[in-house]
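Enquirer: I have a structure here, written as structure tokens, and I will follow up with some questions on it.
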Amino acid sequence: AQKITQTQPGMFVQEKEAVTLDCTYDTSDQSYGLFWYKQPSSGEMIFLIYQGSYDEQNATEGRYSLNFQKARKSANLVISASQLGDSAMYFCAIDDYKLSFGAGTTVTVRA
Amino acid sequence: EAQVTQNPRYLITVTGKKLTVTCSQNMNHEYMSWYRQDPGLGLRQIYYSMNVEVTDKGDVPEGYKVSRKEKRNFPLILESPSPNQTSLYFCASSFVGLSGANVLTFGAGSRLTVL
């Protein structure tokens with residue numbers, strides 16, 4: 001079974017609007033971490049945000065927030081006030097006993 | 001500047017010709033790993049290393065070798081490359097932050113084509 005499922009291969013969003021990227025995960029561990037990374041067209045991988053499984057509050061980093069729903073095994077990324085520079089591929093990842101990535105979601109921000 | 005440096009960035013080679021992709025980090029990280037990225041599959045781990053002289057297989061280790069003789073270096077070796085190893089390769093290193101997060105710092109990527 002896939003450890004990380006990202007069901008949206010590609011999305012379009014209007015500049016200044018918010019966008020939610022879906023991520024569901026599969027693990028039997030009680031202790032794990034969830035990550036989101038951004039990959040712009042230039043190819044580098046950029047760490048965005050982290051959520052620990054025991055963290056009671058949703059993680060936030062500037063315009064990024066992680067909507068963590070533990071019972072549903074969901075860790076959606078919300079980008080508020082989208083900017084043209086947010087156009088990129090976004091990867092969700094889980095670190096339980098090892099780090100596993102999803103297939104990614106491509107976001108295109110329209111002016 | 002804290003970084004992970006991998007070389008070469010681009011390489012075209014032929015089937016069976018041994019090649020090495022170097023990876024070096026200057027952050028004194030204990031953990032290093034190699035990933036390959038293929039369309040629709042995301043990043044898949046090839047090998048990882050928890051410390052010097054300690055390496056372990058990831059999800060797709062077949063056809064690859066690694067070594068960790070020094071903390072800063074973690075080369076990826078393709079002894080006899082085949083076309084199915086055509087991919088984008090990333091080296092990464094990490095620390096465990098105050099939050100307990102194992103945050104990866106990635107190299108810029110190496111695009112390998114095997115003809």
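Letters for chains follow the order of the structure tokens (A, B, ...), residue numbers begin at 1 for each chain, and ligand numbers begin at 1 in the order shown.
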Pull the closest atom pair for each residue of chain A that gets at most 6 Å from chain B, along with the distance in Å to one decimal, counting only C-alpha atoms, ordering rows by chain and then ascending residue number, as JSON lines.

Expert:
{"residue": "A:Glu44", "atom": "CA", "partner": "B:Ala108", "partner_atom": "CA", "distance": 5.2}
{"residue": "A:Phe101", "atom": "CA", "partner": "B:Leu43", "partner_atom": "CA", "distance": 5.7}
{"residue": "A:Gly102", "atom": "CA", "partner": "B:Gly42", "partner_atom": "CA", "distance": 5.5}
{"residue": "A:Ala103", "atom": "CA", "partner": "B:Gly42", "partner_atom": "CA", "distance": 3.8}
{"residue": "A:Gly104", "atom": "CA", "partner": "B:Gly42", "partner_atom": "CA", "distance": 5.9}

Enquirer: If we count only C-alpha atoms, what is near region 7-24 of chain A at a cut-off of 6 Å, once residues fewer than 6 positions away on the same chain are taken out, given as JSON, numbers by chain?

Expert: {"A": [73, 74, 75, 76, 77, 78, 79, 80, 81, 82, 83, 105, 106, 107, 108, 109, 110, 111]}

Enquirer: Export, as a CSV table (one decimal), in the first residue's frame, the selected residues with C-alpha atoms.

Expert:
chain,number,residue,atom,x,y,z
A,73,LYS,CA,-4.8,10.3,8.4
A,74,SER,CA,-4.8,13.5,6.5
A,75,ALA,CA,-2.2,16.2,6.3
A,76,ASN,CA,-3.4,18.8,3.8
A,77,LEU,CA,-1.2,21.8,2.9
A,78,VAL,CA,-3.0,25.1,2.6
A,79,ILE,CA,-1.3,28.0,0.8
A,80,SER,CA,-3.0,31.3,1.5
A,81,ALA,CA,-2.9,34.3,-0.8
A,82,SER,CA,-1.2,32.5,-3.7
A,83,GLN,CA,1.6,34.2,-5.5
A,105,THR,CA,0.9,17.8,-7.0
A,106,THR,CA,1.7,20.4,-9.6
A,107,VAL,CA,0.3,23.9,-8.7
A,108,THR,CA,0.0,26.6,-11.4
A,109,VAL,CA,-0.9,30.1,-10.2
A,110,ARG,CA,-2.6,32.2,-12.7
A,111,ALA,CA,-2.4,36.0,-12.8

Enquirer: Expressed in Å to a single decimal, how great is the separation between CA of Gly16 (chain B) and CA of Arg36 (chain B)?

Expert: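 Pair CA of Gly16 (chain B) / CA of Arg36 (chain B) returns 19.0 Å.
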
Enquirer: Show which residues sit within 9 Å of Gln25 (chain B), as number ranges by chain. Count only C-alpha atoms, and ignore same-chain residues fewer than 6 positions away.

Expert: B: 2-6, 32, 71-74, 92-93, 107

Enquirer: Write out as a short mmCIF file (atom, residue, chain, number, x, y, z; two decimals) with N, CA and C atoms, in the first residue's frame the residues lying within 8 Å of Tyr32 (chain A), counting only C-alpha atoms and excluding same-chain residues fewer than 3 positions away.

Expert:
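Output saved as result-v5.cif:
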data_model
loop_
_atom_site.label_atom_id
_atom_site.label_comp_id
_atom_site.auth_asym_id
_atom_site.auth_seq_id
_atom_site.Cartn_x
_atom_site.Cartn_y
_atom_site.Cartn_z
N ASP A 29 2.45 3.27 12.93
CA ASP A 29 3.22 3.85 14.03
C ASP A 29 2.43 4.96 14.71
N GLY A 52 4.38 17.15 13.69
CA GLY A 52 4.59 15.92 14.44
C GLY A 52 3.27 15.28 14.80
N SER A 53 3.27 13.97 14.91
CA SER A 53 2.01 13.26 15.16
C SER A 53 1.43 13.58 16.52
N ILE A 94 6.12 11.40 4.74
CA ILE A 94 5.96 10.92 6.11
C ILE A 94 7.27 10.29 6.56
N ASP A 95 7.61 10.54 7.81
CA ASP A 95 8.78 9.92 8.43
C ASP A 95 8.27 9.12 9.62
N ASP A 96 8.07 7.81 9.42
CA ASP A 96 7.79 6.96 10.58
C ASP A 96 9.09 6.21 10.87
N TYR A 97 9.27 5.03 10.41
CA TYR A 97 10.58 4.41 10.59
C TYR A 97 11.50 4.73 9.42
#

Enquirer: Output as an MDAnalysis selection string all residues of chain A that backbone DSSP marks as strand (DSSP E).

Expert: chainID A and resid 4:5 10:14 19:21 24:25 33:39 46:52 60:61 64:69 74:79 88:95 99:101 105:110

Enquirer: Got time to write the residues from that selection, C-alpha atoms, as a PDB file, in the first residue's frame?

Expert:
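Wrote it out as part_27.pdb, contents follow:
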ATOM      1  CA  ILE A   4       1.552   8.730   0.993  1.00  0.00           C
ATOM      2  CA  THR A   5      -1.268   9.441  -1.442  1.00  0.00           C
ATOM      3  CA  GLY A  10      -2.274  19.127 -11.048  1.00  0.00           C
ATOM      4  CA  MET A  11      -4.167  22.207  -9.905  1.00  0.00           C
ATOM      5  CA  PHE A  12      -4.765  25.738 -11.095  1.00  0.00           C
ATOM      6  CA  VAL A  13      -5.313  28.592  -8.691  1.00  0.00           C
ATOM      7  CA  GLN A  14      -5.917  32.280  -9.189  1.00  0.00           C
ATOM      8  CA  VAL A  19      -5.352  26.539  -2.378  1.00  0.00           C
ATOM      9  CA  THR A  20      -5.493  23.224  -0.521  1.00  0.00           C
ATOM     10  CA  LEU A  21      -3.302  20.309  -1.519  1.00  0.00           C
ATOM     11  CA  THR A  24      -3.377  11.125   3.049  1.00  0.00           C
ATOM     12  CA  TYR A  25      -0.966   8.725   4.669  1.00  0.00           C
ATOM     13  CA  GLY A  33       6.303  13.274  11.265  1.00  0.00           C
ATOM     14  CA  LEU A  34       4.681  14.790   8.213  1.00  0.00           C
ATOM     15  CA  PHE A  35       6.440  17.149   5.824  1.00  0.00           C
ATOM     16  CA  TRP A  36       5.731  19.238   2.786  1.00  0.00           C
ATOM     17  CA  TYR A  37       8.430  20.125   0.256  1.00  0.00           C
ATOM     18  CA  LYS A  38       8.248  22.446  -2.733  1.00  0.00           C
ATOM     19  CA  GLN A  39      10.008  21.836  -6.047  1.00  0.00           C
ATOM     20  CA  ILE A  46      12.673  23.238  -0.528  1.00  0.00           C
ATOM     21  CA  PHE A  47      11.379  22.303   2.928  1.00  0.00           C
ATOM     22  CA  LEU A  48       8.127  24.100   3.747  1.00  0.00           C
ATOM     23  CA  ILE A  49       6.500  22.788   6.895  1.00  0.00           C
ATOM     24  CA  TYR A  50       6.518  19.989   9.458  1.00  0.00           C
ATOM     25  CA  GLN A  51       3.861  18.433  11.696  1.00  0.00           C
ATOM     26  CA  GLY A  52       4.594  15.920  14.437  1.00  0.00           C
ATOM     27  CA  THR A  60       1.936  27.148  10.324  1.00  0.00           C
ATOM     28  CA  GLU A  61       4.839  28.805   8.512  1.00  0.00           C
ATOM     29  CA  TYR A  64       1.670  27.804   4.658  1.00  0.00           C
ATOM     30  CA  SER A  65      -0.425  25.845   7.102  1.00  0.00           C
ATOM     31  CA  LEU A  66      -0.834  22.143   7.556  1.00  0.00           C
ATOM     32  CA  ASN A  67      -4.364  20.915   8.218  1.00  0.00           C
ATOM     33  CA  PHE A  68      -3.642  17.818  10.294  1.00  0.00           C
ATOM     34  CA  GLN A  69      -6.525  15.410  10.877  1.00  0.00           C
ATOM     35  CA  SER A  74      -4.815  13.450   6.471  1.00  0.00           C
ATOM     36  CA  ALA A  75      -2.181  16.212   6.264  1.00  0.00           C
ATOM     37  CA  ASN A  76      -3.362  18.762   3.752  1.00  0.00           C
ATOM     38  CA  LEU A  77      -1.249  21.796   2.873  1.00  0.00           C
ATOM     39  CA  VAL A  78      -3.017  25.136   2.645  1.00  0.00           C
ATOM     40  CA  ILE A  79      -1.312  27.987   0.816  1.00  0.00           C
ATOM     41  CA  ALA A  88       5.714  24.451  -8.386  1.00  0.00           C
ATOM     42  CA  MET A  89       5.362  20.784  -7.591  1.00  0.00           C
ATOM     43  CA  TYR A  90       4.567  20.013  -3.968  1.00  0.00           C
ATOM     44  CA  PHE A  91       5.444  16.780  -2.223  1.00  0.00           C
ATOM     45  CA  CYS A  92       3.981  15.387   0.962  1.00  0.00           C
ATOM     46  CA  ALA A  93       6.197  13.033   2.977  1.00  0.00           C
ATOM     47  CA  ILE A  94       5.961  10.921   6.105  1.00  0.00           C
ATOM     48  CA  ASP A  95       8.779   9.920   8.426  1.00  0.00           C
ATOM     49  CA  LEU A  99      10.984   8.726   5.010  1.00  0.00           C
ATOM     50  CA  SER A 100       8.517   8.198   2.141  1.00  0.00           C
ATOM     51  CA  PHE A 101       7.283  10.726  -0.409  1.00  0.00           C
ATOM     52  CA  THR A 105       0.918  17.786  -6.969  1.00  0.00           C
ATOM     53  CA  THR A 106       1.713  20.437  -9.558  1.00  0.00           C
ATOM     54  CA  VAL A 107       0.297  23.861  -8.730  1.00  0.00           C
ATOM     55  CA  THR A 108       0.016  26.560 -11.373  1.00  0.00           C
ATOM     56  CA  VAL A 109      -0.859  30.057 -10.176  1.00  0.00           C
ATOM     57  CA  ARG A 110      -2.643  32.210 -12.746  1.00  0.00           C
TER      58      ARG A 110
END

Enquirer: For Tyr35 (chain B), which of B:Cys23, B:Val60, B:Ile77, B:Leu115 is the closest residue, counting only C-alpha atoms?

Expert: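 Smallest distance to Tyr35 (chain B) is found for B:Val60.
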
Enquirer: Could you jot down the CA of Gly62 (chain A) to CA of Gln30 (chain A) separation for me, Å, one decimal place?

Expert: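 Value for the CA of Gly62 (chain A)-CA of Gln30 (chain A) distance: 27.8 Å.
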
Enquirer: List as a PyMOL selection string the protein and nucleic acid residues near Val114 (chain B), meaning an atom at most 12 Å away when only C-alpha atoms are counted, but skip any in the same chain fewer than 2 places from it.

Expert: chain B and resi 10-19+78+80-88+111-112

Enquirer: Please, could you write that set of residues out with N, CA and C atoms as a short mmCIF file (atom, residue, chain, number, x, y, z; two decimals), in the first residue's frame?

Expert:
data_model
loop_
_atom_site.label_atom_id
_atom_site.label_comp_id
_atom_site.auth_asym_id
_atom_site.auth_seq_id
_atom_site.Cartn_x
_atom_site.Cartn_y
_atom_site.Cartn_z
N TYR B 10 24.54 17.16 -14.72
CA TYR B 10 23.96 16.52 -15.90
C TYR B 10 24.96 15.52 -16.45
N LEU B 11 24.47 14.38 -16.86
CA LEU B 11 25.35 13.37 -17.41
C LEU B 11 24.58 12.49 -18.38
N ILE B 12 25.17 12.31 -19.55
CA ILE B 12 24.67 11.34 -20.51
C ILE B 12 25.73 10.27 -20.64
N THR B 13 25.35 9.03 -20.45
CA THR B 13 26.30 7.94 -20.54
C THR B 13 25.69 6.79 -21.32
N VAL B 14 26.46 5.73 -21.47
CA VAL B 14 25.99 4.56 -22.21
C VAL B 14 25.87 3.36 -21.28
N THR B 15 25.04 2.45 -21.67
CA THR B 15 24.81 1.24 -20.88
C THR B 15 26.12 0.55 -20.54
N GLY B 16 26.28 0.23 -19.26
CA GLY B 16 27.43 -0.53 -18.81
C GLY B 16 28.66 0.26 -18.41
N LYS B 17 28.66 1.54 -18.65
CA LYS B 17 29.84 2.35 -18.31
C LYS B 17 29.72 2.87 -16.88
N LYS B 18 30.54 2.36 -15.99
CA LYS B 18 30.47 2.72 -14.58
C LYS B 18 30.54 4.22 -14.36
N LEU B 19 29.72 4.70 -13.44
CA LEU B 19 29.80 6.12 -13.11
C LEU B 19 29.53 6.34 -11.63
N LEU B 78 27.01 3.70 -9.83
CA LEU B 78 26.28 2.82 -10.73
C LEU B 78 27.32 1.98 -11.44
N SER B 80 27.08 -0.70 -13.44
CA SER B 80 26.77 -1.02 -14.83
C SER B 80 25.42 -0.40 -15.17
N PRO B 81 25.42 0.89 -15.48
CA PRO B 81 24.14 1.59 -15.68
C PRO B 81 23.31 0.98 -16.80
N SER B 82 22.01 1.04 -16.61
CA SER B 82 21.07 0.58 -17.63
C SER B 82 20.06 1.71 -17.90
N PRO B 83 19.38 1.66 -19.05
CA PRO B 83 18.45 2.75 -19.40
C PRO B 83 17.38 3.00 -18.34
N ASN B 84 16.97 1.97 -17.57
CA ASN B 84 15.94 2.20 -16.56
C ASN B 84 16.47 2.97 -15.35
N GLN B 85 17.74 3.30 -15.36
CA GLN B 85 18.29 4.16 -14.32
C GLN B 85 18.37 5.62 -14.76
N THR B 86 17.85 5.89 -15.93
CA THR B 86 17.69 7.27 -16.37
C THR B 86 16.70 7.95 -15.44
N SER B 87 17.14 9.01 -14.78
CA SER B 87 16.31 9.61 -13.75
C SER B 87 16.96 10.90 -13.25
N LEU B 88 16.25 11.58 -12.37
CA LEU B 88 16.78 12.73 -11.65
C LEU B 88 17.14 12.24 -10.24
N ARG B 111 20.83 15.08 -13.18
CA ARG B 111 19.99 14.44 -14.19
C ARG B 111 20.85 13.49 -15.01
N LEU B 112 20.53 12.22 -14.91
CA LEU B 112 21.31 11.17 -15.56
C LEU B 112 20.51 10.54 -16.68
#
